[in-house]
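Comments concern the structure below.
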Amino acid sequence: MKSLVLKNLSKTYFDPYAGSQVTAIRDVSLAVQAGEFVSIVGPSGCGKTTILNMVAGFLPASGGEILVDGKPVSGPGADRGVVFQSFALFPWKTVLDNVAFGPKMRGVGKGERERIAREFLELAGLADAADRYPNELSGGMQQRVGVVRALANHPDVLLMDEPFASVDAQTRMTLQEELTRIWQERRTTVLFITHDVAEAVFLANRVVVLSGGLVKCEIEVPLAHPRRWDALVEDEDFKALSTRVLQQVRAA
Ligand SMILES: Nc1ncnc2c1ncn2[C@@H]1O[C@H](COP(=O)(O)OP(=O)(O)OP(=O)(O)O)[C@@H](O)[C@H]1O
Ligand SMILES: [Mg+2]
């Protein structure tokens, strides 16, 4: 597992309509320890996706620095796995081959990469779907395949941008529980982006509230694992933390 450090990160876009520069990220500093799960929450347009794209190496920063285990990020790399809200599985590949694709690209032999893929599919409750094609799965199942496909690459840092936004509320809760369980087993460093306060608190060790391109505050989430919605909806600490985060987001 690797640490992730953002130092005085900034991003300015050129807005072709206004004919001028817009500042999306002003000055963001954040240290995510190896094995930590950090959520970034904030209103639409506050710069969440911009941060993720810079950390992933898809977008150059205008200023500041991103360090993975102390080394500056200069582009995409296999040390960082990315899961987006809408990601494409390969429609012509089976679920198993989709998950085995990353290991294949890394030169892992057929037997071994299929073993890895089956292990991850098992972990996500998708063992029975291994030989099916993406269009034969529900949206929630496809999303789970997307998550385990990223995990099967053994990324040191997992970057997720609203990966569960387009599934129904029940499926979403299941996916959140599964993600915390998988995280607990694997201890991957995770940066998770969402505008859903309850999701941010449920998943993370720490919630970062972003506002106007700046870190507004950071709130520790000392809730025990494993986390289950049945228990947490009634939990006073969970409710108090969610309220605190919500107040910060609304004041943002
Ligand atoms: N390619 C671009 N060109 C110009 N401006 C952009 C570009 N991408 C983002 N922006 C602007 O940067 C700001 C931050 O956008 P970003 O997508 O990072 O927000 P976000 O927090 O992810 O929002 P959401 O919750 O809606 O996904 C917005 O004002 C947006 O209009
Ligand atoms: Mg976004």
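Labeling convention for the structure tokens: chains A, B, ... as they appear, residues from 1 per chain, ligands from 1 in order of appearance.
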Find the residues around Thr49 in chain A up to 8 Å (only C-alpha atoms counted), leave out those fewer than 3 positions away in its own chain, and share them as a PDB file with N, CA and C atoms, in the first residue's frame.
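Contents of the output file result.pdb:
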```
ATOM      1  N   LEU A  52      -9.552  14.228  -8.809  1.00  0.00           N
ATOM      2  CA  LEU A  52      -9.353  12.822  -9.118  1.00  0.00           C
ATOM      3  C   LEU A  52      -8.605  12.629 -10.436  1.00  0.00           C
ATOM      4  N   ASN A  53      -8.987  13.420 -11.440  1.00  0.00           N
ATOM      5  CA  ASN A  53      -8.326  13.300 -12.743  1.00  0.00           C
ATOM      6  C   ASN A  53      -6.849  13.685 -12.672  1.00  0.00           C
ATOM      7  N   ASP A 161     -14.666   7.815  -8.404  1.00  0.00           N
ATOM      8  CA  ASP A 161     -15.457   9.034  -8.579  1.00  0.00           C
ATOM      9  C   ASP A 161     -16.930   8.671  -8.718  1.00  0.00           C
ATOM     10  N   ILE A 193     -14.724   9.722  -4.094  1.00  0.00           N
ATOM     11  CA  ILE A 193     -15.387  10.998  -4.314  1.00  0.00           C
ATOM     12  C   ILE A 193     -16.879  10.830  -4.424  1.00  0.00           C
TER      13      ILE A 193
END
```
All helix (DSSP H, G or I) residues (DSSP, backbone) inside range 14-121 of chain A, as a ChimeraX atom specification: /A:48-56,95-105,110-121
Set out as CSV a contact list for chain A and ligand 2 with a cut-off of 10 Å, giving each residue of chain A that qualifies its closest atom pair and distance in Å to one decimal, counting only C-alpha atoms and all ligand atoms, ordered by chain and rising residue number.
```
residue,atom,partner,partner_atom_place_in_ligand_line,distance
A:Gly42,CA,ligand 2,1 (Mg),9.6
A:Pro43,CA,ligand 2,1 (Mg),9.2
A:Ser44,CA,ligand 2,1 (Mg),6.8
A:Gly45,CA,ligand 2,1 (Mg),6.9
A:Cys46,CA,ligand 2,1 (Mg),8.3
A:Gly47,CA,ligand 2,1 (Mg),7.0
A:Lys48,CA,ligand 2,1 (Mg),5.4
A:Thr49,CA,ligand 2,1 (Mg),4.0
A:Thr50,CA,ligand 2,1 (Mg),7.2
A:Ile51,CA,ligand 2,1 (Mg),9.2
A:Leu52,CA,ligand 2,1 (Mg),8.7
A:Asn53,CA,ligand 2,1 (Mg),9.7
A:Phe84,CA,ligand 2,1 (Mg),9.4
A:Gln85,CA,ligand 2,1 (Mg),8.8
A:Asp161,CA,ligand 2,1 (Mg),6.8
A:Glu162,CA,ligand 2,1 (Mg),7.5
A:Ile193,CA,ligand 2,1 (Mg),7.9
A:Thr194,CA,ligand 2,1 (Mg),7.9
A:His195,CA,ligand 2,1 (Mg),8.6
```
Quick one: everything within 10 Å of range 240-246 of chain A, counting only C-alpha atoms, minus sequence neighbours fewer than 6 positions away in the same chain. Send it as a list in words.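 Counting only the stated atoms, we get Val41, Gly42, Asp196, Val197, Ala198, Glu199, Ala200, Val201, Phe202, Val207, Val208, Val209, Cys217, Glu218, Ile219, Glu220, Val221, Pro222, Leu223 and Ala252 of chain A.
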Neighbours of Ala34 in chain A within 10 Å (only C-alpha atoms; same-chain residues fewer than 4 positions away dropped), as a PyMOL selection string? chain A and resi 1-4+68-69+156-157+187-190
Write the residues you've just listed into a file as a compact mmCIF listing (two decimals), in the first residue's frame, and include C-alpha atoms for each of them.
```txt
# COMPACT_ATOMS: atom_id res chain seq x y z
CA MET A 1 0.00 0.00 0.00
CA LYS A 2 1.16 3.50 -0.74
CA SER A 3 0.52 6.92 0.68
CA LEU A 4 -0.94 9.75 -1.39
CA VAL A 68 2.42 8.58 -4.47
CA ASP A 69 4.66 7.09 -1.84
CA ASP A 156 -1.64 0.72 -4.47
CA VAL A 157 -4.14 3.56 -4.59
CA ARG A 187 -6.24 -2.33 2.97
CA THR A 188 -5.84 -0.56 -0.33
CA THR A 189 -5.38 3.20 -0.02
CA VAL A 190 -8.66 4.69 -1.27
```
Just want the 8 Å neighbourhood of range 18-31 of chain A, counted on only C-alpha atoms, with same-chain residues fewer than 4 positions away dropped. Output as number ranges by chain. A: 3-14, 46-47, 50-51, 212-215
Residues within 9 Å of Pro155 in chain A, only C-alpha atoms, excluding chain neighbours under 3 positions, as a PyMOL selection string: chain A and resi 1+78-82+150-152+158+188-189
Residue selection dump (N, CA and C atoms) as an mmCIF file, in the first residue's frame:
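The resulting again19.cif:
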```cif
data_model
loop_
_atom_site.group_PDB
_atom_site.id
_atom_site.type_symbol
_atom_site.label_atom_id
_atom_site.label_comp_id
_atom_site.auth_asym_id
_atom_site.auth_seq_id
_atom_site.Cartn_x
_atom_site.Cartn_y
_atom_site.Cartn_z
ATOM 1 N N MET A 1 0.839 -1.201 0.000
ATOM 2 C CA MET A 1 0.000 0.000 0.000
ATOM 3 C C MET A 1 0.873 1.250 0.000
ATOM 4 N N ALA A 78 -0.013 2.173 -13.307
ATOM 5 C CA ALA A 78 -0.694 0.985 -12.787
ATOM 6 C C ALA A 78 -0.779 0.992 -11.259
ATOM 7 N N ASP A 79 -0.017 1.905 -10.616
ATOM 8 C CA ASP A 79 -0.096 1.989 -9.152
ATOM 9 C C ASP A 79 -1.420 2.616 -8.706
ATOM 10 N N ARG A 80 -2.109 3.303 -9.639
ATOM 11 C CA ARG A 80 -3.402 3.916 -9.310
ATOM 12 C C ARG A 80 -4.508 3.317 -10.176
ATOM 13 N N GLY A 81 -5.506 2.722 -9.514
ATOM 14 C CA GLY A 81 -6.659 2.172 -10.232
ATOM 15 C C GLY A 81 -7.800 3.164 -10.163
ATOM 16 N N VAL A 82 -8.544 3.272 -11.241
ATOM 17 C CA VAL A 82 -9.609 4.279 -11.286
ATOM 18 C C VAL A 82 -10.957 3.630 -11.585
ATOM 19 N N ALA A 150 -10.922 -3.055 -11.228
ATOM 20 C CA ALA A 150 -9.881 -2.140 -10.740
ATOM 21 C C ALA A 150 -9.052 -2.808 -9.641
ATOM 22 N N LEU A 151 -9.729 -3.529 -8.738
ATOM 23 C CA LEU A 151 -9.027 -4.170 -7.622
ATOM 24 C C LEU A 151 -8.081 -5.274 -8.088
ATOM 25 N N ALA A 152 -8.465 -5.980 -9.165
ATOM 26 C CA ALA A 152 -7.664 -7.113 -9.638
ATOM 27 C C ALA A 152 -6.292 -6.681 -10.142
ATOM 28 N N LEU A 158 -6.542 3.310 -4.882
ATOM 29 C CA LEU A 158 -7.771 3.162 -5.653
ATOM 30 C C LEU A 158 -8.497 4.503 -5.664
ATOM 31 N N THR A 188 -6.292 -1.430 0.740
ATOM 32 C CA THR A 188 -5.838 -0.555 -0.333
ATOM 33 C C THR A 188 -6.052 0.886 0.129
ATOM 34 N N THR A 189 -5.177 1.772 -0.275
ATOM 35 C CA THR A 189 -5.384 3.197 -0.020
ATOM 36 C C THR A 189 -6.498 3.671 -0.964
#
```
